[in-house]
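Below: one structure, written as structure tokens.
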Amino acid sequence: MAESEKSSGNSSALSALSTESRSFPPPAEFAAQANATAEWYERAESDRDGFWSEQADRLHWTKKWDTVLEWEAPFAKWFVGGELNVAYNCADRHVEAGNGDRVAIYWEGEPGDSRTITYADLQREVSKTANALAELGVGKGDRVAIQLPMIPEAVFSMLACARLGALHSVVFGGFSPGALKARIEDAEAKVLITSDGQYRRGKPAPMKENTDEAVAGTTIEHVLVVKRTETDVPWTEGRDVWWHDAVGSASETHTPESFDSEHPLFILYTSGTTGKPKGILHTSGGYLTQSAYTHNVVFDHKPGESVYWCTADIGWVTGHTYIVYGPLANGATQVIYEGTPNTPHEGRHWEIVDKYKVSIYYTAPTLIRTFMKWGEDIPAKYDLSSLKVLGTVGEPINPEAWMWFREKIGKERCPIVDTWWQTETGSQMIAPLPGVTATKPGSAMRALPGISAAVVDDTGTPVGNGEGGYLVLDKPWPSMLRGIWGDNERYKETYWSRFAEQGYYFAGDGAKYDEDGAIWLLGRVDDVMNISGHRISTTEVESALVSHPTVAEAAVVGASDETTGQGIVAFVILRGSAAKDGGEEAIKALRDHVSKEIGPIAKPRQIMVVEELPKTRSGKIMRRLLRDVAENREVGDVSTLADSSVMDLITTGMKDSS
Ligand code: WTA
């Protein structure tokens, strides 16, 4: 680990931890009807393979597995020898079980249009899409890139890939053409699925224009284009195909093929500690098993009864696992909303909860803090009595936000599940069971039945209650990543080298046990920032900054932010005349530049022009000290700096410019 990161961690969570003693047991009535009971922990502990077999049995397999787990660290194979079709599990089998008329998706468009899609509709749409993709040359093992807004076609596309045994690589709609291009190139994708435009805060914004830029000169043979906003689009004959033509005219039936349990399902790129995003690879049987299992027990989901809503975007792992695969494998009825939470007004989410009688609501702490800012009067105007379980994901939740969620949204009636997991873990790992766990505001509590996690010190030794360290996963789990696309060495190096001796998976998060042994997540301990629950690496933003001609050097840190968890703060050394007048013009240009290079989510909150950066004698930037500056703290120990006067220069310079 970099010297600069040793003292990192989320200070607000730490201070909350020392004072937090509240604990909320599940209401008796809720506990009595819950899907999972306390016995599940022991059952899973005493016979892990048997436990996971039972969970896998909830799916439809065309061929039963021979062995539950083959573990040649760090490579796992789950349900070895088993065969299944993931898309069949998410659509057809519910229709065959007589639930074709059950609503799969209540889709709510940002401008107010809506669609209701039953499981029979889903089966038909996925079949048509699979036929259209096959017609475009997509088959088993091929890669399909998808950049779409939150529209049902995104779900159809992902499941159509799964049906064909092709891997999807979904790229968040807010990523720049450059970011999309890098992902297309790394995966050597054959087809891109996109749309003419997307709605952003009430206005249509172009999409295809950007994706065209990304596609140029890559392996993409066809671009399949959904018409969403009626925006004029540039068109390349022979390459571009309208969705309504290709899918519209395709046959409504498609016979799903069975694939090996370990057949790749998708690649999803996520930020690591270097500038190059990692293509996280997930496979079929184990991923679907744990996704369906966790969706069932953590949300206490009741098929045909619950109305479920996960507010994530399909471009992130939460959208993959808890909008597409988990809920649809469980035959859920769910809401998918296209737009932003304040379009056209700040009560939009609560209006939707009220309209569809949502019973399970899963969101990000950042959004809860935003709702708090907008005021409690807004949710108070709506009937939220349908809610039963509330969930959070993506970043540590501060106790104030947790309590607000509990009181103002859950009316002190709904259990809250704070769920810790990662793109790499595929599905939830540490979370309460809502009918079992007495929850504490701000803690993800303990590893789920069948999952094993530990907090260890520098040497890999487990720490005791009341102590902190690094979060590790010490036993393989079904939905674990199977590698980094095309780079097994990086996979081993990134996750398995830190505690190689013990064979632990290093999550990159700091964590602490409280006096009762509950786990509190404390934020990343590496160079990954968490902005509104989105992972962005400091080096990625630094590379974007130095690619601008005015920048000589740059250092980026994540500074704590009241709403977004962390905010991006950049320190830059400008070249020559760019620094004149405090570099104001340059700063504006740089913010736009980063937004164009990576996407608006990576735009620095603050850019400070400095003359020097604090470095160790070996030339490493000491981000810890910059974080002190960015968070307005007294600057810590500077004794390892090559030139200890640098920090004076930075802090005085800042006072001058403020
Ligand atoms: C953070 C999102 C605290 C953590 C599913 C992790 C959390 C990273 C929580 C993964 C939580 C996620 N409490 N921190 N409940 N959930 N994180 O890959 O730092 O986008 O390593 O997956 O988010 O982010 P990713």
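By order in the structure tokens, chains are A, B, ...; within a chain, residues start at 1; ligands start at 1, following the order shown.
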Which residues, written as a ChimeraX atom specification, have at least one atom at most 8 Å from A:His282, with only C-alpha atoms counted and residues fewer than 4 positions away on the same chain left out? /A:264-267,287,426,479-483
Which residues are near ligand 1 - at most 8 Å, using only C-alpha atoms and all ligand atoms? Format: as number ranges by chain. A: 270, 316-318, 392-397, 418-424, 427-428, 430-431, 443-444, 507-509, 520-524, 530, 533-535
Expected file: the selected residues, N, CA and C atoms, as a compact mmCIF listing (two decimals), in the first residue's frame:
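As a result, out-v4.txt now contains:
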# COMPACT_ATOMS: atom_id res chain seq x y z
N THR A 270 -14.70 -1.57 -13.83
CA THR A 270 -14.74 -0.77 -12.62
C THR A 270 -13.36 -0.18 -12.38
N TRP A 316 -24.21 0.12 -13.47
CA TRP A 316 -23.38 -0.28 -12.33
C TRP A 316 -23.76 -1.69 -11.91
N VAL A 317 -22.93 -2.29 -11.06
CA VAL A 317 -23.18 -3.67 -10.69
C VAL A 317 -24.51 -3.82 -9.93
N THR A 318 -24.89 -2.80 -9.17
CA THR A 318 -26.15 -2.89 -8.44
C THR A 318 -27.31 -3.07 -9.41
N THR A 392 -29.78 0.00 1.65
CA THR A 392 -28.80 0.94 1.14
C THR A 392 -27.58 0.18 0.64
N VAL A 393 -26.86 0.81 -0.27
CA VAL A 393 -25.67 0.21 -0.85
C VAL A 393 -24.76 1.27 -1.45
N GLY A 394 -23.48 0.93 -1.52
CA GLY A 394 -22.55 1.72 -2.32
C GLY A 394 -21.52 2.49 -1.53
N GLU A 395 -21.82 2.82 -0.30
CA GLU A 395 -20.89 3.60 0.52
C GLU A 395 -21.35 3.48 1.97
N PRO A 396 -20.46 3.83 2.89
CA PRO A 396 -20.90 3.79 4.28
C PRO A 396 -22.06 4.77 4.48
N ILE A 397 -23.02 4.38 5.29
CA ILE A 397 -24.13 5.31 5.58
C ILE A 397 -23.90 5.89 6.97
N ASP A 418 -28.37 -2.42 5.42
CA ASP A 418 -27.19 -1.75 4.85
C ASP A 418 -26.34 -2.87 4.27
N THR A 419 -26.20 -2.88 2.94
CA THR A 419 -25.58 -4.03 2.28
C THR A 419 -24.20 -3.69 1.74
N TRP A 420 -23.19 -4.41 2.22
CA TRP A 420 -21.83 -4.21 1.69
C TRP A 420 -21.52 -5.27 0.65
N TRP A 421 -21.04 -4.82 -0.46
CA TRP A 421 -20.53 -5.74 -1.50
C TRP A 421 -19.83 -4.91 -2.56
N GLN A 422 -19.36 -5.55 -3.62
CA GLN A 422 -18.57 -4.87 -4.65
C GLN A 422 -18.87 -5.46 -6.02
N THR A 423 -18.48 -4.73 -7.05
CA THR A 423 -18.56 -5.26 -8.41
C THR A 423 -17.92 -6.65 -8.42
N GLU A 424 -16.81 -6.78 -7.73
CA GLU A 424 -16.05 -8.03 -7.72
C GLU A 424 -16.78 -9.15 -6.98
N SER A 427 -22.51 -10.03 -5.68
CA SER A 427 -23.75 -9.78 -4.95
C SER A 427 -23.42 -9.51 -3.48
N GLN A 428 -24.48 -9.28 -2.72
CA GLN A 428 -24.32 -8.84 -1.33
C GLN A 428 -23.55 -9.87 -0.50
N ILE A 430 -22.11 -8.70 3.11
CA ILE A 430 -22.29 -8.35 4.52
C ILE A 430 -23.56 -7.51 4.61
N ALA A 431 -24.52 -8.00 5.35
CA ALA A 431 -25.80 -7.30 5.47
C ALA A 431 -26.63 -7.95 6.56
N SER A 443 -24.07 0.40 10.49
CA SER A 443 -23.30 -0.84 10.40
C SER A 443 -23.97 -1.83 9.45
N ALA A 444 -23.12 -2.51 8.64
CA ALA A 444 -23.65 -3.57 7.75
C ALA A 444 -23.78 -4.89 8.52
N ALA A 507 -10.29 -6.82 0.01
CA ALA A 507 -11.40 -6.06 -0.57
C ALA A 507 -11.02 -4.61 -0.88
N GLY A 508 -10.01 -4.10 -0.19
CA GLY A 508 -9.65 -2.69 -0.40
C GLY A 508 -10.39 -1.74 0.53
N ASP A 509 -11.18 -2.29 1.47
CA ASP A 509 -11.92 -1.46 2.42
C ASP A 509 -11.34 -1.60 3.83
N TRP A 520 -18.32 -2.56 10.91
CA TRP A 520 -18.54 -1.20 10.42
C TRP A 520 -17.55 -0.96 9.29
N LEU A 521 -18.06 -0.59 8.12
CA LEU A 521 -17.19 -0.31 6.99
C LEU A 521 -16.71 1.13 7.06
N LEU A 522 -15.41 1.33 6.80
CA LEU A 522 -14.82 2.65 7.02
C LEU A 522 -14.32 3.33 5.76
N GLY A 523 -14.66 2.81 4.59
CA GLY A 523 -14.19 3.45 3.36
C GLY A 523 -12.95 2.76 2.80
N ARG A 524 -12.55 3.19 1.61
CA ARG A 524 -11.46 2.54 0.90
C ARG A 524 -10.11 2.84 1.56
N ASN A 530 -14.85 7.22 -3.62
CA ASN A 530 -16.25 6.82 -3.71
C ASN A 530 -17.10 8.08 -3.74
N GLY A 533 -21.34 6.97 -4.21
CA GLY A 533 -21.44 5.53 -4.40
C GLY A 533 -20.82 5.05 -5.70
N HIS A 534 -20.19 5.92 -6.45
CA HIS A 534 -19.53 5.51 -7.69
C HIS A 534 -18.03 5.45 -7.48
N ARG A 535 -17.44 4.38 -7.96
CA ARG A 535 -16.00 4.21 -7.79
C ARG A 535 -15.25 4.94 -8.88
Which residue is closest to A:Met150? Choose from A:Val417, A:Val609, A:Ile336, A:Val525 and count only C-alpha atoms.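 Checking each candidate against A:Met150, we get A:Ile336 as the closest.
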Closest-contact table, stretch 369-455 of chain A side, partner stretch 35-44 of chain A, 10 Å, counting only C-alpha atoms, as JSON lines:
{"residue": "A:Leu433", "atom": "CA", "partner": "A:Ala36", "partner_atom": "CA", "distance": 7.2}
{"residue": "A:Pro434", "atom": "CA", "partner": "A:Ala36", "partner_atom": "CA", "distance": 8.6}
{"residue": "A:Gly435", "atom": "CA", "partner": "A:Thr37", "partner_atom": "CA", "distance": 7.0}
{"residue": "A:Val436", "atom": "CA", "partner": "A:Ala38", "partner_atom": "CA", "distance": 5.9}
{"residue": "A:Thr437", "atom": "CA", "partner": "A:Ala38", "partner_atom": "CA", "distance": 8.3}
{"residue": "A:Ala447", "atom": "CA", "partner": "A:Tyr41", "partner_atom": "CA", "distance": 9.2}
{"residue": "A:Leu448", "atom": "CA", "partner": "A:Tyr41", "partner_atom": "CA", "distance": 7.4}
{"residue": "A:Pro449", "atom": "CA", "partner": "A:Tyr41", "partner_atom": "CA", "distance": 4.5}
{"residue": "A:Gly450", "atom": "CA", "partner": "A:Ala44", "partner_atom": "CA", "distance": 4.9}
{"residue": "A:Ile451", "atom": "CA", "partner": "A:Ala44", "partner_atom": "CA", "distance": 8.4}
Please produce an output containing N, CA, C and O atoms for each residue in the selection, written as a PDB file, in the first residue's frame.
ATOM      1  N   LEU A 433     -30.044  -9.656   8.144  1.00  0.00           N
ATOM      2  CA  LEU A 433     -31.245 -10.348   7.667  1.00  0.00           C
ATOM      3  C   LEU A 433     -32.405  -9.601   8.324  1.00  0.00           C
ATOM      4  O   LEU A 433     -32.459  -9.517   9.557  1.00  0.00           O
ATOM      5  N   PRO A 434     -33.324  -9.046   7.528  1.00  0.00           N
ATOM      6  CA  PRO A 434     -34.284  -8.096   8.103  1.00  0.00           C
ATOM      7  C   PRO A 434     -35.215  -8.689   9.158  1.00  0.00           C
ATOM      8  O   PRO A 434     -35.702  -7.967  10.013  1.00  0.00           O
ATOM      9  N   GLY A 435     -35.412 -10.004   9.119  1.00  0.00           N
ATOM     10  CA  GLY A 435     -36.289 -10.608  10.124  1.00  0.00           C
ATOM     11  C   GLY A 435     -35.523 -11.176  11.309  1.00  0.00           C
ATOM     12  O   GLY A 435     -36.114 -11.764  12.208  1.00  0.00           O
ATOM     13  N   VAL A 436     -34.213 -11.034  11.288  1.00  0.00           N
ATOM     14  CA  VAL A 436     -33.380 -11.671  12.309  1.00  0.00           C
ATOM     15  C   VAL A 436     -32.516 -10.664  13.074  1.00  0.00           C
ATOM     16  O   VAL A 436     -32.466 -10.672  14.305  1.00  0.00           O
ATOM     17  N   THR A 437     -31.844  -9.789  12.312  1.00  0.00           N
ATOM     18  CA  THR A 437     -30.791  -8.959  12.888  1.00  0.00           C
ATOM     19  C   THR A 437     -31.326  -7.708  13.579  1.00  0.00           C
ATOM     20  O   THR A 437     -32.153  -6.990  13.009  1.00  0.00           O
ATOM     21  N   ALA A 447     -21.490 -10.972   8.053  1.00  0.00           N
ATOM     22  CA  ALA A 447     -21.544 -11.695   6.780  1.00  0.00           C
ATOM     23  C   ALA A 447     -22.817 -12.530   6.721  1.00  0.00           C
ATOM     24  O   ALA A 447     -23.266 -13.090   7.719  1.00  0.00           O
ATOM     25  N   LEU A 448     -23.401 -12.623   5.540  1.00  0.00           N
ATOM     26  CA  LEU A 448     -24.637 -13.377   5.345  1.00  0.00           C
ATOM     27  C   LEU A 448     -24.387 -14.879   5.543  1.00  0.00           C
ATOM     28  O   LEU A 448     -23.254 -15.337   5.407  1.00  0.00           O
ATOM     29  N   PRO A 449     -25.425 -15.650   5.828  1.00  0.00           N
ATOM     30  CA  PRO A 449     -25.242 -17.099   5.917  1.00  0.00           C
ATOM     31  C   PRO A 449     -24.584 -17.626   4.636  1.00  0.00           C
ATOM     32  O   PRO A 449     -25.001 -17.266   3.536  1.00  0.00           O
ATOM     33  N   GLY A 450     -23.552 -18.425   4.788  1.00  0.00           N
ATOM     34  CA  GLY A 450     -22.840 -18.979   3.632  1.00  0.00           C
ATOM     35  C   GLY A 450     -21.631 -18.159   3.217  1.00  0.00           C
ATOM     36  O   GLY A 450     -20.838 -18.584   2.387  1.00  0.00           O
ATOM     37  N   ILE A 451     -21.502 -16.959   3.792  1.00  0.00           N
ATOM     38  CA  ILE A 451     -20.415 -16.039   3.438  1.00  0.00           C
ATOM     39  C   ILE A 451     -19.500 -15.881   4.644  1.00  0.00           C
ATOM     40  O   ILE A 451     -19.963 -15.849   5.783  1.00  0.00           O
TER      41      ILE A 451
END
Residue neighbourhood A:Lys381, 12 Å, only C-alpha atoms, exclusion window fewer than 2 positions, as a PyMOL selection string: chain A and resi 346-351+353-354+375-379+383-385+408-409
Which residues, written as a list in words, have at least one atom at most 10 Å from A:Trp235, with only C-alpha atoms counted and residues fewer than 6 positions away on the same chain left out?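 After dropping sequence-adjacent residues, the list is Lys208, Glu209, Asp212, Val223 and Val241 of chain A.
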Residues within 10 Å of A:Lys440, please, as a PDB file with all heavy atoms, in the first residue's frame. Count only C-alpha atoms; anything in the same chain fewer than 3 positions from it doesn't count.
ATOM      1  N   LEU A  17     -18.955   5.637  15.228  1.00  0.00           N
ATOM      2  CA  LEU A  17     -18.809   4.335  15.821  1.00  0.00           C
ATOM      3  C   LEU A  17     -18.575   4.395  17.324  1.00  0.00           C
ATOM      4  O   LEU A  17     -19.081   3.591  18.084  1.00  0.00           O
ATOM      5  CB  LEU A  17     -17.626   3.657  15.127  1.00  0.00           C
ATOM      6  CG  LEU A  17     -17.197   2.293  15.580  1.00  0.00           C
ATOM      7  CD1 LEU A  17     -18.365   1.341  15.508  1.00  0.00           C
ATOM      8  CD2 LEU A  17     -16.071   1.817  14.693  1.00  0.00           C
ATOM      9  N   GLU A  20     -22.134   5.355  18.860  1.00  0.00           N
ATOM     10  CA  GLU A  20     -23.395   4.737  18.464  1.00  0.00           C
ATOM     11  C   GLU A  20     -23.738   3.518  19.305  1.00  0.00           C
ATOM     12  O   GLU A  20     -23.012   2.532  19.300  1.00  0.00           O
ATOM     13  CB  GLU A  20     -23.311   4.331  16.986  1.00  0.00           C
ATOM     14  CG  GLU A  20     -24.631   3.903  16.397  1.00  0.00           C
ATOM     15  CD  GLU A  20     -25.709   4.958  16.552  1.00  0.00           C
ATOM     16  OE1 GLU A  20     -25.586   6.013  15.934  1.00  0.00           O
ATOM     17  OE2 GLU A  20     -26.668   4.724  17.305  1.00  0.00           O
ATOM     18  N   SER A  21     -24.843   3.594  20.035  1.00  0.00           N
ATOM     19  CA  SER A  21     -25.216   2.435  20.839  1.00  0.00           C
ATOM     20  C   SER A  21     -26.654   2.004  20.562  1.00  0.00           C
ATOM     21  O   SER A  21     -27.144   1.048  21.149  1.00  0.00           O
ATOM     22  CB  SER A  21     -25.056   2.776  22.320  1.00  0.00           C
ATOM     23  OG  SER A  21     -25.875   3.888  22.607  1.00  0.00           O
ATOM     24  N   ARG A  22     -27.323   2.712  19.638  1.00  0.00           N
ATOM     25  CA  ARG A  22     -28.706   2.343  19.338  1.00  0.00           C
ATOM     26  C   ARG A  22     -28.747   1.029  18.560  1.00  0.00           C
ATOM     27  O   ARG A  22     -27.861   0.744  17.773  1.00  0.00           O
ATOM     28  CB  ARG A  22     -29.386   3.433  18.501  1.00  0.00           C
ATOM     29  CG  ARG A  22     -29.645   4.699  19.272  1.00  0.00           C
ATOM     30  CD  ARG A  22     -30.044   5.832  18.368  1.00  0.00           C
ATOM     31  NE  ARG A  22     -28.919   6.286  17.566  1.00  0.00           N
ATOM     32  CZ  ARG A  22     -28.918   7.430  16.869  1.00  0.00           C
ATOM     33  NH1 ARG A  22     -29.981   8.204  16.856  1.00  0.00           N
ATOM     34  NH2 ARG A  22     -27.860   7.771  16.175  1.00  0.00           N
ATOM     35  N   SER A  23     -29.795   0.269  18.771  1.00  0.00           N
ATOM     36  CA  SER A  23     -29.950  -1.005  18.079  1.00  0.00           C
ATOM     37  C   SER A  23     -31.439  -1.277  17.904  1.00  0.00           C
ATOM     38  O   SER A  23     -32.220  -1.078  18.834  1.00  0.00           O
ATOM     39  CB  SER A  23     -29.284  -2.090  18.921  1.00  0.00           C
ATOM     40  OG  SER A  23     -29.575  -3.348  18.396  1.00  0.00           O
ATOM     41  N   PHE A  24     -31.839  -1.691  16.696  1.00  0.00           N
ATOM     42  CA  PHE A  24     -33.260  -1.853  16.409  1.00  0.00           C
ATOM     43  C   PHE A  24     -33.582  -3.282  15.979  1.00  0.00           C
ATOM     44  O   PHE A  24     -33.312  -3.673  14.851  1.00  0.00           O
ATOM     45  CB  PHE A  24     -33.682  -0.868  15.318  1.00  0.00           C
ATOM     46  CG  PHE A  24     -33.461   0.558  15.706  1.00  0.00           C
ATOM     47  CD1 PHE A  24     -32.283   1.220  15.351  1.00  0.00           C
ATOM     48  CD2 PHE A  24     -34.413   1.244  16.453  1.00  0.00           C
ATOM     49  CE1 PHE A  24     -32.068   2.547  15.723  1.00  0.00           C
ATOM     50  CE2 PHE A  24     -34.197   2.571  16.835  1.00  0.00           C
ATOM     51  CZ  PHE A  24     -33.029   3.221  16.468  1.00  0.00           C
ATOM     52  N   PRO A  25     -34.177  -4.060  16.881  1.00  0.00           N
ATOM     53  CA  PRO A  25     -34.543  -5.430  16.509  1.00  0.00           C
ATOM     54  C   PRO A  25     -35.715  -5.417  15.521  1.00  0.00           C
ATOM     55  O   PRO A  25     -36.489  -4.454  15.507  1.00  0.00           O
ATOM     56  CB  PRO A  25     -34.951  -6.061  17.840  1.00  0.00           C
ATOM     57  CG  PRO A  25     -35.253  -4.929  18.753  1.00  0.00           C
ATOM     58  CD  PRO A  25     -34.554  -3.712  18.254  1.00  0.00           C
ATOM     59  N   PRO A 399     -24.917   7.556  10.511  1.00  0.00           N
ATOM     60  CA  PRO A 399     -26.065   7.295  11.378  1.00  0.00           C
ATOM     61  C   PRO A 399     -27.207   8.313  11.215  1.00  0.00           C
ATOM     62  O   PRO A 399     -28.378   7.938  11.302  1.00  0.00           O
ATOM     63  CB  PRO A 399     -25.464   7.371  12.780  1.00  0.00           C
ATOM     64  CG  PRO A 399     -24.042   7.006  12.596  1.00  0.00           C
ATOM     65  CD  PRO A 399     -23.645   7.531  11.261  1.00  0.00           C
ATOM     66  N   TRP A 402     -29.168   7.296   8.213  1.00  0.00           N
ATOM     67  CA  TRP A 402     -29.828   6.019   8.530  1.00  0.00           C
ATOM     68  C   TRP A 402     -31.090   6.281   9.361  1.00  0.00           C
ATOM     69  O   TRP A 402     -32.167   5.755   9.087  1.00  0.00           O
ATOM     70  CB  TRP A 402     -28.835   5.136   9.290  1.00  0.00           C
ATOM     71  CG  TRP A 402     -29.140   3.669   9.388  1.00  0.00           C
ATOM     72  CD1 TRP A 402     -28.624   2.678   8.612  1.00  0.00           C
ATOM     73  CD2 TRP A 402     -29.997   3.008  10.341  1.00  0.00           C
ATOM     74  NE1 TRP A 402     -29.091   1.452   9.017  1.00  0.00           N
ATOM     75  CE2 TRP A 402     -29.938   1.620  10.065  1.00  0.00           C
ATOM     76  CE3 TRP A 402     -30.813   3.455  11.393  1.00  0.00           C
ATOM     77  CZ2 TRP A 402     -30.649   0.675  10.809  1.00  0.00           C
ATOM     78  CZ3 TRP A 402     -31.526   2.510  12.128  1.00  0.00           C
ATOM     79  CH2 TRP A 402     -31.446   1.141  11.840  1.00  0.00           C
ATOM     80  N   MET A 403     -30.952   7.135  10.382  1.00  0.00           N
ATOM     81  CA  MET A 403     -32.076   7.433  11.266  1.00  0.00           C
ATOM     82  C   MET A 403     -33.179   8.188  10.519  1.00  0.00           C
ATOM     83  O   MET A 403     -34.364   7.958  10.737  1.00  0.00           O
ATOM     84  CB  MET A 403     -31.607   8.249  12.483  1.00  0.00           C
ATOM     85  CG  MET A 403     -30.807   7.444  13.499  1.00  0.00           C
ATOM     86  SD  MET A 403     -31.644   5.952  14.108  1.00  0.00           S
ATOM     87  CE  MET A 403     -33.037   6.671  14.992  1.00  0.00           C
ATOM     88  N   ILE A 416     -34.056  -1.763   8.109  1.00  0.00           N
ATOM     89  CA  ILE A 416     -33.132  -1.217   7.120  1.00  0.00           C
ATOM     90  C   ILE A 416     -31.986  -2.193   6.939  1.00  0.00           C
ATOM     91  O   ILE A 416     -31.374  -2.626   7.919  1.00  0.00           O
ATOM     92  CB  ILE A 416     -32.567   0.150   7.562  1.00  0.00           C
ATOM     93  CG1 ILE A 416     -33.704   1.172   7.666  1.00  0.00           C
ATOM     94  CG2 ILE A 416     -31.495   0.639   6.583  1.00  0.00           C
ATOM     95  CD1 ILE A 416     -33.239   2.562   8.079  1.00  0.00           C
ATOM     96  N   VAL A 417     -31.716  -2.543   5.691  1.00  0.00           N
ATOM     97  CA  VAL A 417     -30.572  -3.405   5.425  1.00  0.00           C
ATOM     98  C   VAL A 417     -29.478  -2.605   4.722  1.00  0.00           C
ATOM     99  O   VAL A 417     -29.653  -2.133   3.611  1.00  0.00           O
ATOM    100  CB  VAL A 417     -30.969  -4.667   4.611  1.00  0.00           C
ATOM    101  CG1 VAL A 417     -31.757  -5.624   5.497  1.00  0.00           C
ATOM    102  CG2 VAL A 417     -31.784  -4.329   3.363  1.00  0.00           C
ATOM    103  N   ASP A 418     -28.365  -2.423   5.419  1.00  0.00           N
ATOM    104  CA  ASP A 418     -27.189  -1.748   4.850  1.00  0.00           C
ATOM    105  C   ASP A 418     -26.338  -2.868   4.270  1.00  0.00           C
ATOM    106  O   ASP A 418     -25.834  -3.712   4.999  1.00  0.00           O
ATOM    107  CB  ASP A 418     -26.462  -1.003   5.976  1.00  0.00           C
ATOM    108  CG  ASP A 418     -25.103  -0.450   5.551  1.00  0.00           C
ATOM    109  OD1 ASP A 418     -24.748  -0.554   4.370  1.00  0.00           O
ATOM    110  OD2 ASP A 418     -24.396   0.083   6.430  1.00  0.00           O
ATOM    111  N   PRO A 432     -27.547  -7.202   7.143  1.00  0.00           N
ATOM    112  CA  PRO A 432     -28.456  -7.814   8.111  1.00  0.00           C
ATOM    113  C   PRO A 432     -29.452  -8.741   7.403  1.00  0.00           C
ATOM    114  O   PRO A 432     -29.667  -8.614   6.201  1.00  0.00           O
ATOM    115  CB  PRO A 432     -29.223  -6.613   8.690  1.00  0.00           C
ATOM    116  CG  PRO A 432     -28.537  -5.391   8.184  1.00  0.00           C
ATOM    117  CD  PRO A 432     -27.806  -5.776   6.944  1.00  0.00           C
ATOM    118  N   THR A 437     -31.844  -9.789  12.312  1.00  0.00           N
ATOM    119  CA  THR A 437     -30.791  -8.959  12.888  1.00  0.00           C
ATOM    120  C   THR A 437     -31.326  -7.708  13.579  1.00  0.00           C
ATOM    121  O   THR A 437     -32.153  -6.990  13.009  1.00  0.00           O
ATOM    122  CB  THR A 437     -29.827  -8.502  11.757  1.00  0.00           C
ATOM    123  OG1 THR A 437     -29.588  -9.604  10.885  1.00  0.00           O
ATOM    124  CG2 THR A 437     -28.526  -7.963  12.314  1.00  0.00           C
ATOM    125  N   SER A 443     -24.065   0.404  10.488  1.00  0.00           N
ATOM    126  CA  SER A 443     -23.304  -0.843  10.402  1.00  0.00           C
ATOM    127  C   SER A 443     -23.968  -1.830   9.448  1.00  0.00           C
ATOM    128  O   SER A 443     -25.184  -1.997   9.463  1.00  0.00           O
ATOM    129  CB  SER A 443     -23.186  -1.488  11.782  1.00  0.00           C
ATOM    130  OG  SER A 443     -22.647  -2.792  11.666  1.00  0.00           O
ATOM    131  N   ALA A 444     -23.125  -2.512   8.637  1.00  0.00           N
ATOM    132  CA  ALA A 444     -23.651  -3.567   7.754  1.00  0.00           C
ATOM    133  C   ALA A 444     -23.777  -4.890   8.518  1.00  0.00           C
ATOM    134  O   ALA A 444     -24.192  -5.896   7.970  1.00  0.00           O
ATOM    135  CB  ALA A 444     -22.766  -3.720   6.529  1.00  0.00           C
ATOM    136  N   MET A 445     -23.375  -4.866   9.760  1.00  0.00           N
ATOM    137  CA  MET A 445     -23.573  -5.947  10.742  1.00  0.00           C
ATOM    138  C   MET A 445     -22.683  -7.180  10.538  1.00  0.00           C
ATOM    139  O   MET A 445     -21.633  -7.229  11.093  1.00  0.00           O
ATOM    140  CB  MET A 445     -25.048  -6.340  10.840  1.00  0.00           C
ATOM    141  CG  MET A 445     -25.984  -5.192  11.212  1.00  0.00           C
ATOM    142  SD  MET A 445     -25.542  -4.298  12.737  1.00  0.00           S
ATOM    143  CE  MET A 445     -25.748  -5.579  13.969  1.00  0.00           C
ATOM    144  N   ALA A 518     -20.090  -6.489  15.623  1.00  0.00           N
ATOM    145  CA  ALA A 518     -20.715  -6.051  14.367  1.00  0.00           C
ATOM    146  C   ALA A 518     -19.656  -5.346  13.513  1.00  0.00           C
ATOM    147  O   ALA A 518     -18.763  -4.690  14.038  1.00  0.00           O
ATOM    148  CB  ALA A 518     -21.871  -5.100  14.650  1.00  0.00           C
ATOM    149  N   TRP A 520     -18.317  -2.562  10.911  1.00  0.00           N
ATOM    150  CA  TRP A 520     -18.536  -1.198  10.416  1.00  0.00           C
ATOM    151  C   TRP A 520     -17.552  -0.957   9.285  1.00  0.00           C
ATOM    152  O   TRP A 520     -16.341  -1.111   9.475  1.00  0.00           O
ATOM    153  CB  TRP A 520     -18.290  -0.179  11.537  1.00  0.00           C
ATOM    154  CG  TRP A 520     -19.300  -0.292  12.638  1.00  0.00           C
ATOM    155  CD1 TRP A 520     -19.419  -1.307  13.536  1.00  0.00           C
ATOM    156  CD2 TRP A 520     -20.345   0.640  12.935  1.00  0.00           C
ATOM    157  NE1 TRP A 520     -20.471  -1.074  14.393  1.00  0.00           N
ATOM    158  CE2 TRP A 520     -21.062   0.118  14.046  1.00  0.00           C
ATOM    159  CE3 TRP A 520     -20.751   1.864  12.383  1.00  0.00           C
ATOM    160  CZ2 TRP A 520     -22.158   0.780  14.602  1.00  0.00           C
ATOM    161  CZ3 TRP A 520     -21.838   2.525  12.949  1.00  0.00           C
ATOM    162  CH2 TRP A 520     -22.530   1.977  14.030  1.00  0.00           C
TER     163      TRP A 520
END
